[in-house]
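> Next up, protein17.txt (compact mmCIF, N, CA and C atoms).
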# COMPACT_ATOMS: atom_id res chain seq x y z
N GLY A 72 -12.34 -25.25 -40.76
CA GLY A 72 -11.06 -25.90 -40.74
C GLY A 72 -10.18 -25.48 -39.59
N LEU A 73 -10.70 -24.66 -38.66
CA LEU A 73 -9.88 -24.25 -37.52
C LEU A 73 -9.89 -25.31 -36.44
N SER A 74 -8.83 -25.36 -35.67
CA SER A 74 -8.79 -26.26 -34.53
C SER A 74 -9.76 -25.76 -33.47
N GLU A 75 -10.09 -26.64 -32.53
CA GLU A 75 -10.97 -26.24 -31.44
C GLU A 75 -10.36 -25.09 -30.63
N ALA A 76 -9.05 -25.17 -30.40
CA ALA A 76 -8.37 -24.12 -29.63
C ALA A 76 -8.43 -22.77 -30.34
N SER A 77 -8.23 -22.77 -31.64
CA SER A 77 -8.29 -21.51 -32.39
C SER A 77 -9.71 -20.97 -32.45
N SER A 78 -10.67 -21.86 -32.65
CA SER A 78 -12.07 -21.42 -32.67
C SER A 78 -12.48 -20.85 -31.32
N ALA A 79 -12.07 -21.52 -30.24
CA ALA A 79 -12.41 -21.04 -28.90
C ALA A 79 -11.77 -19.69 -28.64
N LEU A 80 -10.54 -19.51 -29.08
CA LEU A 80 -9.87 -18.22 -28.91
C LEU A 80 -10.65 -17.12 -29.62
N LEU A 81 -10.98 -17.35 -30.87
CA LEU A 81 -11.71 -16.34 -31.64
C LEU A 81 -13.08 -16.05 -31.01
N ASP A 82 -13.74 -17.08 -30.53
CA ASP A 82 -15.05 -16.89 -29.89
C ASP A 82 -14.94 -16.10 -28.58
N SER A 83 -13.78 -16.19 -27.91
CA SER A 83 -13.62 -15.53 -26.62
C SER A 83 -13.31 -14.04 -26.73
N LEU A 84 -12.97 -13.59 -27.91
CA LEU A 84 -12.57 -12.19 -28.10
C LEU A 84 -13.74 -11.34 -28.59
N ASP A 85 -13.80 -10.12 -28.12
CA ASP A 85 -14.79 -9.16 -28.59
C ASP A 85 -14.20 -8.47 -29.82
N THR A 86 -14.62 -8.89 -30.98
CA THR A 86 -14.02 -8.38 -32.21
C THR A 86 -14.24 -6.88 -32.40
N ARG A 87 -15.21 -6.31 -31.71
CA ARG A 87 -15.44 -4.86 -31.82
C ARG A 87 -14.30 -4.07 -31.18
N GLU A 88 -13.55 -4.72 -30.30
CA GLU A 88 -12.47 -4.05 -29.60
C GLU A 88 -11.10 -4.30 -30.23
N LEU A 89 -11.03 -5.16 -31.22
CA LEU A 89 -9.74 -5.53 -31.80
C LEU A 89 -9.30 -4.52 -32.86
N THR A 90 -8.00 -4.33 -32.93
CA THR A 90 -7.40 -3.41 -33.90
C THR A 90 -6.86 -4.20 -35.09
N PRO A 91 -6.47 -3.50 -36.15
CA PRO A 91 -5.82 -4.21 -37.26
C PRO A 91 -4.56 -4.97 -36.81
N ALA A 92 -3.82 -4.40 -35.86
CA ALA A 92 -2.63 -5.09 -35.35
C ALA A 92 -3.02 -6.38 -34.63
N ASP A 93 -4.13 -6.34 -33.89
CA ASP A 93 -4.63 -7.55 -33.24
C ASP A 93 -5.00 -8.60 -34.30
N GLY A 94 -5.65 -8.17 -35.36
CA GLY A 94 -6.03 -9.08 -36.44
C GLY A 94 -4.83 -9.71 -37.10
N ALA A 95 -3.80 -8.91 -37.35
CA ALA A 95 -2.58 -9.44 -37.96
C ALA A 95 -1.90 -10.45 -37.03
N ALA A 96 -1.87 -10.13 -35.75
CA ALA A 96 -1.26 -11.04 -34.78
C ALA A 96 -2.06 -12.34 -34.68
N LEU A 97 -3.38 -12.25 -34.68
CA LEU A 97 -4.22 -13.44 -34.65
C LEU A 97 -4.00 -14.30 -35.89
N PHE A 98 -3.91 -13.67 -37.04
CA PHE A 98 -3.66 -14.41 -38.28
C PHE A 98 -2.34 -15.17 -38.18
N TRP A 99 -1.28 -14.47 -37.72
CA TRP A 99 0.03 -15.10 -37.56
C TRP A 99 -0.06 -16.27 -36.59
N LEU A 100 -0.73 -16.05 -35.47
CA LEU A 100 -0.85 -17.07 -34.44
C LEU A 100 -1.56 -18.32 -34.96
N ILE A 101 -2.72 -18.14 -35.53
CA ILE A 101 -3.53 -19.27 -35.98
C ILE A 101 -2.84 -20.02 -37.12
N ARG A 102 -2.23 -19.28 -38.01
CA ARG A 102 -1.54 -19.91 -39.14
C ARG A 102 -0.32 -20.70 -38.68
N ASN A 103 0.47 -20.13 -37.78
CA ASN A 103 1.71 -20.77 -37.37
C ASN A 103 1.52 -21.87 -36.33
N ARG A 104 0.44 -21.81 -35.56
CA ARG A 104 0.22 -22.89 -34.59
C ARG A 104 -0.17 -24.18 -35.30
N LEU A 105 -0.54 -24.09 -36.57
CA LEU A 105 -0.83 -25.31 -37.34
C LEU A 105 0.36 -26.26 -37.39
N LEU A 106 1.55 -25.71 -37.34
CA LEU A 106 2.75 -26.55 -37.35
C LEU A 106 2.68 -27.57 -36.22
N PHE A 107 2.24 -27.13 -35.05
CA PHE A 107 2.13 -28.02 -33.90
C PHE A 107 0.83 -28.81 -33.91
N GLU A 108 -0.27 -28.15 -34.26
CA GLU A 108 -1.56 -28.83 -34.25
C GLU A 108 -1.62 -30.00 -35.22
N LEU A 109 -0.93 -29.87 -36.33
CA LEU A 109 -0.90 -30.93 -37.34
C LEU A 109 0.25 -31.91 -37.14
N GLY A 110 1.07 -31.65 -36.12
CA GLY A 110 2.20 -32.52 -35.84
C GLY A 110 3.33 -32.40 -36.84
N LEU A 111 3.35 -31.33 -37.60
CA LEU A 111 4.39 -31.16 -38.62
C LEU A 111 5.78 -31.00 -37.99
N HIS A 112 5.83 -30.47 -36.78
CA HIS A 112 7.11 -30.27 -36.11
C HIS A 112 7.79 -31.60 -35.77
N GLU A 113 7.06 -32.70 -35.82
CA GLU A 113 7.61 -34.02 -35.52
C GLU A 113 8.06 -34.77 -36.77
N ARG A 114 7.79 -34.22 -37.92
CA ARG A 114 8.12 -34.91 -39.17
C ARG A 114 9.55 -34.63 -39.58
N GLU A 115 10.20 -35.66 -40.09
CA GLU A 115 11.59 -35.51 -40.54
C GLU A 115 11.70 -34.77 -41.87
N ASP A 116 10.59 -34.69 -42.61
CA ASP A 116 10.62 -34.01 -43.90
C ASP A 116 10.18 -32.55 -43.80
N VAL A 117 10.14 -32.02 -42.60
CA VAL A 117 9.78 -30.62 -42.38
C VAL A 117 10.96 -29.92 -41.71
N HIS A 118 11.32 -28.78 -42.24
CA HIS A 118 12.43 -27.97 -41.71
C HIS A 118 11.89 -26.57 -41.43
N VAL A 119 11.93 -26.16 -40.19
CA VAL A 119 11.42 -24.85 -39.80
C VAL A 119 12.52 -23.81 -40.03
N VAL A 120 12.15 -22.73 -40.71
CA VAL A 120 13.09 -21.65 -41.01
C VAL A 120 12.54 -20.36 -40.41
N SER A 121 13.39 -19.64 -39.72
CA SER A 121 13.01 -18.36 -39.14
C SER A 121 13.32 -17.24 -40.12
N TYR A 122 12.30 -16.47 -40.46
CA TYR A 122 12.51 -15.31 -41.34
C TYR A 122 13.49 -14.34 -40.70
N ASP A 123 13.34 -14.10 -39.40
CA ASP A 123 14.24 -13.17 -38.72
C ASP A 123 15.69 -13.62 -38.81
N ARG A 124 15.92 -14.90 -38.66
CA ARG A 124 17.29 -15.42 -38.77
C ARG A 124 17.77 -15.39 -40.21
N LEU A 125 16.86 -15.59 -41.14
CA LEU A 125 17.25 -15.54 -42.55
C LEU A 125 17.76 -14.15 -42.92
N VAL A 126 17.06 -13.11 -42.48
CA VAL A 126 17.52 -11.77 -42.84
C VAL A 126 18.69 -11.31 -41.98
N ALA A 127 18.89 -11.92 -40.82
CA ALA A 127 20.05 -11.58 -39.99
C ALA A 127 21.31 -12.28 -40.48
N ALA A 128 21.15 -13.51 -40.96
CA ALA A 128 22.30 -14.31 -41.42
C ALA A 128 21.88 -15.11 -42.65
N PRO A 129 21.73 -14.43 -43.79
CA PRO A 129 21.21 -15.11 -44.98
C PRO A 129 22.03 -16.32 -45.45
N GLU A 130 23.35 -16.15 -45.53
CA GLU A 130 24.16 -17.24 -46.05
C GLU A 130 24.10 -18.46 -45.13
N GLU A 131 24.29 -18.25 -43.86
CA GLU A 131 24.26 -19.36 -42.91
C GLU A 131 22.91 -20.09 -42.92
N THR A 132 21.84 -19.30 -42.91
CA THR A 132 20.51 -19.88 -42.89
C THR A 132 20.22 -20.65 -44.18
N MET A 133 20.58 -20.05 -45.30
CA MET A 133 20.31 -20.71 -46.58
C MET A 133 21.16 -21.96 -46.75
N ARG A 134 22.37 -21.94 -46.22
CA ARG A 134 23.20 -23.15 -46.28
C ARG A 134 22.51 -24.30 -45.53
N ARG A 135 21.90 -23.99 -44.39
CA ARG A 135 21.18 -25.03 -43.63
C ARG A 135 19.98 -25.55 -44.42
N VAL A 136 19.26 -24.63 -45.07
CA VAL A 136 18.11 -25.06 -45.88
C VAL A 136 18.58 -25.95 -47.02
N CYS A 137 19.64 -25.53 -47.69
CA CYS A 137 20.17 -26.34 -48.80
C CYS A 137 20.64 -27.70 -48.30
N GLY A 138 21.28 -27.73 -47.14
CA GLY A 138 21.71 -29.00 -46.56
C GLY A 138 20.52 -29.91 -46.29
N PHE A 139 19.46 -29.35 -45.74
CA PHE A 139 18.26 -30.13 -45.46
C PHE A 139 17.66 -30.69 -46.75
N LEU A 140 17.68 -29.88 -47.80
CA LEU A 140 17.11 -30.29 -49.08
C LEU A 140 18.08 -31.10 -49.95
N ALA A 141 19.30 -31.27 -49.45
CA ALA A 141 20.35 -31.97 -50.20
C ALA A 141 20.60 -31.30 -51.55
N LEU A 142 20.63 -29.97 -51.51
CA LEU A 142 20.91 -29.17 -52.70
C LEU A 142 22.20 -28.39 -52.50
N PRO A 143 22.92 -28.12 -53.59
CA PRO A 143 24.14 -27.32 -53.44
C PRO A 143 23.78 -25.87 -53.11
N TYR A 144 24.57 -25.27 -52.26
CA TYR A 144 24.37 -23.86 -51.93
C TYR A 144 24.95 -23.00 -53.04
N SER A 145 24.26 -21.91 -53.34
CA SER A 145 24.75 -20.92 -54.29
C SER A 145 24.48 -19.54 -53.70
N SER A 146 25.44 -18.67 -53.79
CA SER A 146 25.26 -17.31 -53.26
C SER A 146 24.13 -16.58 -53.99
N ASP A 147 23.76 -17.05 -55.18
CA ASP A 147 22.63 -16.45 -55.89
C ASP A 147 21.34 -16.56 -55.09
N LEU A 148 21.25 -17.55 -54.23
CA LEU A 148 20.03 -17.75 -53.44
C LEU A 148 19.78 -16.62 -52.44
N VAL A 149 20.83 -15.93 -52.06
CA VAL A 149 20.68 -14.88 -51.04
C VAL A 149 21.09 -13.49 -51.53
N ARG A 150 21.41 -13.37 -52.78
CA ARG A 150 21.97 -12.10 -53.24
C ARG A 150 21.00 -10.92 -53.12
N PHE A 151 19.70 -11.16 -53.11
CA PHE A 151 18.75 -10.07 -52.99
C PHE A 151 18.15 -9.93 -51.59
N ILE A 152 18.69 -10.67 -50.65
CA ILE A 152 18.21 -10.57 -49.26
C ILE A 152 19.00 -9.46 -48.58
N GLU A 153 18.29 -8.46 -48.12
CA GLU A 153 18.93 -7.34 -47.41
C GLU A 153 19.16 -7.77 -45.97
N THR A 154 20.43 -7.84 -45.58
CA THR A 154 20.77 -8.26 -44.22
C THR A 154 20.33 -7.20 -43.21
N ARG A 155 19.63 -7.67 -42.19
CA ARG A 155 19.18 -6.80 -41.10
C ARG A 155 19.44 -7.52 -39.79
N PRO A 156 19.89 -6.80 -38.80
CA PRO A 156 20.13 -7.45 -37.50
C PRO A 156 18.81 -7.85 -36.85
N GLN A 157 18.89 -8.95 -36.08
CA GLN A 157 17.72 -9.33 -35.29
C GLN A 157 17.60 -8.35 -34.14
N GLY A 158 16.40 -8.05 -33.79
CA GLY A 158 16.19 -7.15 -32.67
C GLY A 158 14.76 -7.21 -32.24
N PRO A 159 14.44 -6.45 -31.23
CA PRO A 159 13.05 -6.47 -30.77
C PRO A 159 12.12 -5.90 -31.82
N LEU A 160 10.91 -6.42 -31.84
CA LEU A 160 9.91 -5.90 -32.76
C LEU A 160 9.51 -4.49 -32.34
N PRO A 161 9.08 -3.70 -33.29
CA PRO A 161 8.60 -2.36 -32.93
C PRO A 161 7.44 -2.47 -31.95
N SER A 162 7.37 -1.53 -31.08
CA SER A 162 6.30 -1.53 -30.09
C SER A 162 4.96 -1.37 -30.79
N THR A 163 4.09 -2.33 -30.60
CA THR A 163 2.76 -2.31 -31.19
C THR A 163 1.76 -2.62 -30.09
N ASP A 164 0.68 -1.90 -30.10
CA ASP A 164 -0.34 -2.12 -29.09
C ASP A 164 -1.21 -3.29 -29.51
N ILE A 165 -0.89 -4.47 -28.97
CA ILE A 165 -1.64 -5.68 -29.27
C ILE A 165 -2.34 -6.14 -28.00
N HIS A 166 -3.56 -6.61 -28.17
CA HIS A 166 -4.35 -7.14 -27.06
C HIS A 166 -3.46 -8.05 -26.20
N PRO A 167 -3.44 -7.86 -24.88
CA PRO A 167 -2.53 -8.63 -24.01
C PRO A 167 -2.67 -10.15 -24.15
N GLN A 168 -3.88 -10.65 -24.28
CA GLN A 168 -4.07 -12.09 -24.41
C GLN A 168 -3.47 -12.60 -25.72
N ILE A 169 -3.67 -11.86 -26.79
CA ILE A 169 -3.13 -12.24 -28.09
C ILE A 169 -1.61 -12.16 -28.06
N LEU A 170 -1.08 -11.10 -27.48
CA LEU A 170 0.37 -10.92 -27.40
C LEU A 170 1.01 -12.06 -26.61
N ALA A 171 0.42 -12.44 -25.50
CA ALA A 171 0.97 -13.54 -24.69
C ALA A 171 0.98 -14.84 -25.48
N LEU A 172 -0.09 -15.13 -26.21
CA LEU A 172 -0.14 -16.34 -27.03
C LEU A 172 0.89 -16.31 -28.14
N CYS A 173 1.06 -15.15 -28.77
CA CYS A 173 2.07 -15.01 -29.83
C CYS A 173 3.48 -15.17 -29.28
N ASP A 174 3.74 -14.58 -28.12
CA ASP A 174 5.06 -14.72 -27.50
C ASP A 174 5.36 -16.18 -27.18
N ASP A 175 4.37 -16.88 -26.65
CA ASP A 175 4.55 -18.30 -26.33
C ASP A 175 4.83 -19.11 -27.59
N LEU A 176 4.05 -18.88 -28.63
CA LEU A 176 4.25 -19.61 -29.88
C LEU A 176 5.60 -19.26 -30.50
N SER A 177 5.99 -18.02 -30.42
CA SER A 177 7.28 -17.60 -30.96
C SER A 177 8.42 -18.35 -30.27
N ARG A 178 8.34 -18.50 -28.96
CA ARG A 178 9.36 -19.26 -28.23
C ARG A 178 9.36 -20.73 -28.67
N ARG A 179 8.17 -21.30 -28.85
CA ARG A 179 8.09 -22.69 -29.31
C ARG A 179 8.70 -22.85 -30.70
N LEU A 180 8.41 -21.91 -31.58
CA LEU A 180 8.97 -21.97 -32.93
C LEU A 180 10.49 -21.81 -32.89
N ASP A 181 10.97 -20.85 -32.10
CA ASP A 181 12.41 -20.61 -32.00
C ASP A 181 13.14 -21.86 -31.50
N SER A 182 12.49 -22.64 -30.64
CA SER A 182 13.14 -23.84 -30.13
C SER A 182 13.34 -24.90 -31.21
N LEU A 183 12.63 -24.78 -32.32
CA LEU A 183 12.75 -25.73 -33.42
C LEU A 183 13.79 -25.33 -34.45
N VAL A 184 14.16 -24.07 -34.46
CA VAL A 184 15.08 -23.55 -35.47
C VAL A 184 16.51 -23.87 -35.05
N THR A 185 17.21 -24.52 -35.97
CA THR A 185 18.61 -24.87 -35.67
C THR A 185 19.56 -23.94 -36.35
Could you quickly redo this structure as structure tokens?

Amino acid sequence: GLSEASSALLDSLDTRELTPADGAALFWLIRNRLLFELGLHEREDVHVVSYDRLVAAPEETMRRVCGFLALPYSSDLVRFIETRPQGPLPSTDIHPQILALCDDLSRRLDSLVT
């Protein structure tokens, strides 16, 4: 069920050299690029939400989600979300090719978040 691009990426990597962090990054990459591969980013019934923005600004982010869903906002929806500032990710040693692909996808995803 993988796209040709994802299959080719996995085939191009020497899995003996990959770390658990590389595996986690690959999982994130392949899972999240489906949004674009399936054309979901072009659908009006899809709303992209950033987890980082949700924890940085829970009320504002949840109000947007509720607006998209045409549901009333309630502070109960965010009462257990621990607010954390957005910031750089902790330094992790990730394969350069995987990191570059993740950074590119992250920028593409961020461009969709309103």
> In Å, rounded to a single decimal, give me how far CA of Arg178 in chain A is from CA of Phe151 in chain A.
28.0 Å
> Show me, as a PyMOL selection string, the residues that have an atom within 8 Å of range 115-127 of chain A when counting only N, CA and C atoms, minus same-chain residues fewer than 3 positions from it.
chain A and resi 111-112+130-133+136+139+152-158+180-181+183-185
> Which residues are close to Asp93 in chain A, i.e. within 7 Å by only N, CA and C atoms, leaving aside same-chain residues fewer than 6 positions away? Reply as a list in words.
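Everything that qualifies: Asp164, Ile165 and His166 of chain A.
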> Pick out the closest residue to Leu172 in chain A from this set: A:Asn103, A:Thr86, A:Ser74, A:Ser146. Count only C-alpha atoms.
A:Asn103
> Excluding Ser78 in chain A and any residue of its chain fewer than 6 positions from it, enumerate the residues within 12 Å of it, using only C-alpha atoms, and give them as a PyMOL selection string.
chain A and resi 72+84+97+101
> Can you work out the spacing between atom C of Arg104 in chain A and CA of Val149 in chain A in Å, to one decimal?
27.7 Å
> Quick one, how far is CA of Ser177 in chain A from CA of Leu109 in chain A?
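Value for the CA of Ser177 in chain A-CA of Leu109 in chain A distance: 16.9 Å.
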> Once all heavy atoms are restored for range 120-131 of chain A, what would the output be as a short mmCIF file (atom, residue, chain, number, x, y, z; two decimals), keeping the file's coordinate frame?

data_model
loop_
_atom_site.label_atom_id
_atom_site.label_comp_id
_atom_site.auth_asym_id
_atom_site.auth_seq_id
_atom_site.Cartn_x
_atom_site.Cartn_y
_atom_site.Cartn_z
N VAL A 120 12.15 -22.73 -40.71
CA VAL A 120 13.09 -21.65 -41.01
C VAL A 120 12.54 -20.36 -40.41
O VAL A 120 11.37 -20.03 -40.60
CB VAL A 120 13.28 -21.48 -42.54
CG1 VAL A 120 14.22 -20.33 -42.84
CG2 VAL A 120 13.77 -22.77 -43.16
N SER A 121 13.39 -19.64 -39.72
CA SER A 121 13.01 -18.36 -39.14
C SER A 121 13.32 -17.24 -40.12
O SER A 121 14.46 -17.08 -40.55
CB SER A 121 13.78 -18.13 -37.84
OG SER A 121 13.69 -16.78 -37.43
N TYR A 122 12.30 -16.47 -40.46
CA TYR A 122 12.51 -15.31 -41.34
C TYR A 122 13.49 -14.34 -40.70
O TYR A 122 14.39 -13.81 -41.38
CB TYR A 122 11.18 -14.61 -41.63
CG TYR A 122 11.35 -13.35 -42.42
CD1 TYR A 122 11.53 -13.40 -43.80
CD2 TYR A 122 11.36 -12.10 -41.80
CE1 TYR A 122 11.71 -12.25 -44.54
CE2 TYR A 122 11.54 -10.94 -42.53
CZ TYR A 122 11.71 -11.02 -43.90
OH TYR A 122 11.89 -9.86 -44.62
N ASP A 123 13.34 -14.10 -39.40
CA ASP A 123 14.24 -13.17 -38.72
C ASP A 123 15.69 -13.62 -38.81
O ASP A 123 16.59 -12.81 -39.04
CB ASP A 123 13.85 -13.02 -37.24
CG ASP A 123 12.54 -12.28 -37.06
OD1 ASP A 123 12.17 -11.49 -37.95
OD2 ASP A 123 11.88 -12.51 -36.03
N ARG A 124 15.92 -14.90 -38.66
CA ARG A 124 17.29 -15.42 -38.77
C ARG A 124 17.77 -15.39 -40.21
O ARG A 124 18.96 -15.18 -40.46
CB ARG A 124 17.39 -16.82 -38.20
CG ARG A 124 17.23 -16.82 -36.69
CD ARG A 124 17.53 -18.15 -36.08
NE ARG A 124 17.18 -18.10 -34.66
CZ ARG A 124 17.24 -19.13 -33.88
NH1 ARG A 124 17.62 -20.30 -34.33
NH2 ARG A 124 16.90 -19.03 -32.61
N LEU A 125 16.86 -15.59 -41.14
CA LEU A 125 17.25 -15.54 -42.55
C LEU A 125 17.76 -14.15 -42.92
O LEU A 125 18.78 -14.02 -43.57
CB LEU A 125 16.08 -15.93 -43.45
CG LEU A 125 16.33 -15.82 -44.95
CD1 LEU A 125 17.41 -16.80 -45.40
CD2 LEU A 125 15.05 -16.04 -45.73
N VAL A 126 17.06 -13.11 -42.48
CA VAL A 126 17.52 -11.77 -42.84
C VAL A 126 18.69 -11.31 -41.98
O VAL A 126 19.43 -10.42 -42.38
CB VAL A 126 16.37 -10.72 -42.81
CG1 VAL A 126 15.32 -11.04 -43.84
CG2 VAL A 126 15.77 -10.58 -41.43
N ALA A 127 18.89 -11.92 -40.82
CA ALA A 127 20.05 -11.58 -39.99
C ALA A 127 21.31 -12.28 -40.48
O ALA A 127 22.40 -11.72 -40.42
CB ALA A 127 19.78 -11.95 -38.53
N ALA A 128 21.15 -13.51 -40.96
CA ALA A 128 22.30 -14.31 -41.42
C ALA A 128 21.88 -15.11 -42.65
O ALA A 128 21.69 -16.33 -42.58
CB ALA A 128 22.76 -15.24 -40.30
N PRO A 129 21.73 -14.43 -43.79
CA PRO A 129 21.21 -15.11 -44.98
C PRO A 129 22.03 -16.32 -45.45
O PRO A 129 21.47 -17.38 -45.71
CB PRO A 129 21.20 -14.02 -46.05
CG PRO A 129 21.34 -12.73 -45.33
CD PRO A 129 21.99 -13.02 -44.04
N GLU A 130 23.35 -16.15 -45.53
CA GLU A 130 24.16 -17.24 -46.05
C GLU A 130 24.10 -18.46 -45.13
O GLU A 130 23.87 -19.59 -45.59
CB GLU A 130 25.62 -16.80 -46.23
CG GLU A 130 26.48 -17.90 -46.82
CD GLU A 130 27.91 -17.46 -47.07
OE1 GLU A 130 28.18 -16.25 -47.14
OE2 GLU A 130 28.74 -18.36 -47.20
N GLU A 131 24.29 -18.25 -43.86
CA GLU A 131 24.26 -19.36 -42.91
C GLU A 131 22.91 -20.09 -42.92
O GLU A 131 22.84 -21.31 -42.95
CB GLU A 131 24.56 -18.84 -41.50
CG GLU A 131 24.46 -19.87 -40.41
CD GLU A 131 24.63 -19.26 -39.03
OE1 GLU A 131 25.20 -18.16 -38.91
OE2 GLU A 131 24.15 -19.89 -38.08
#
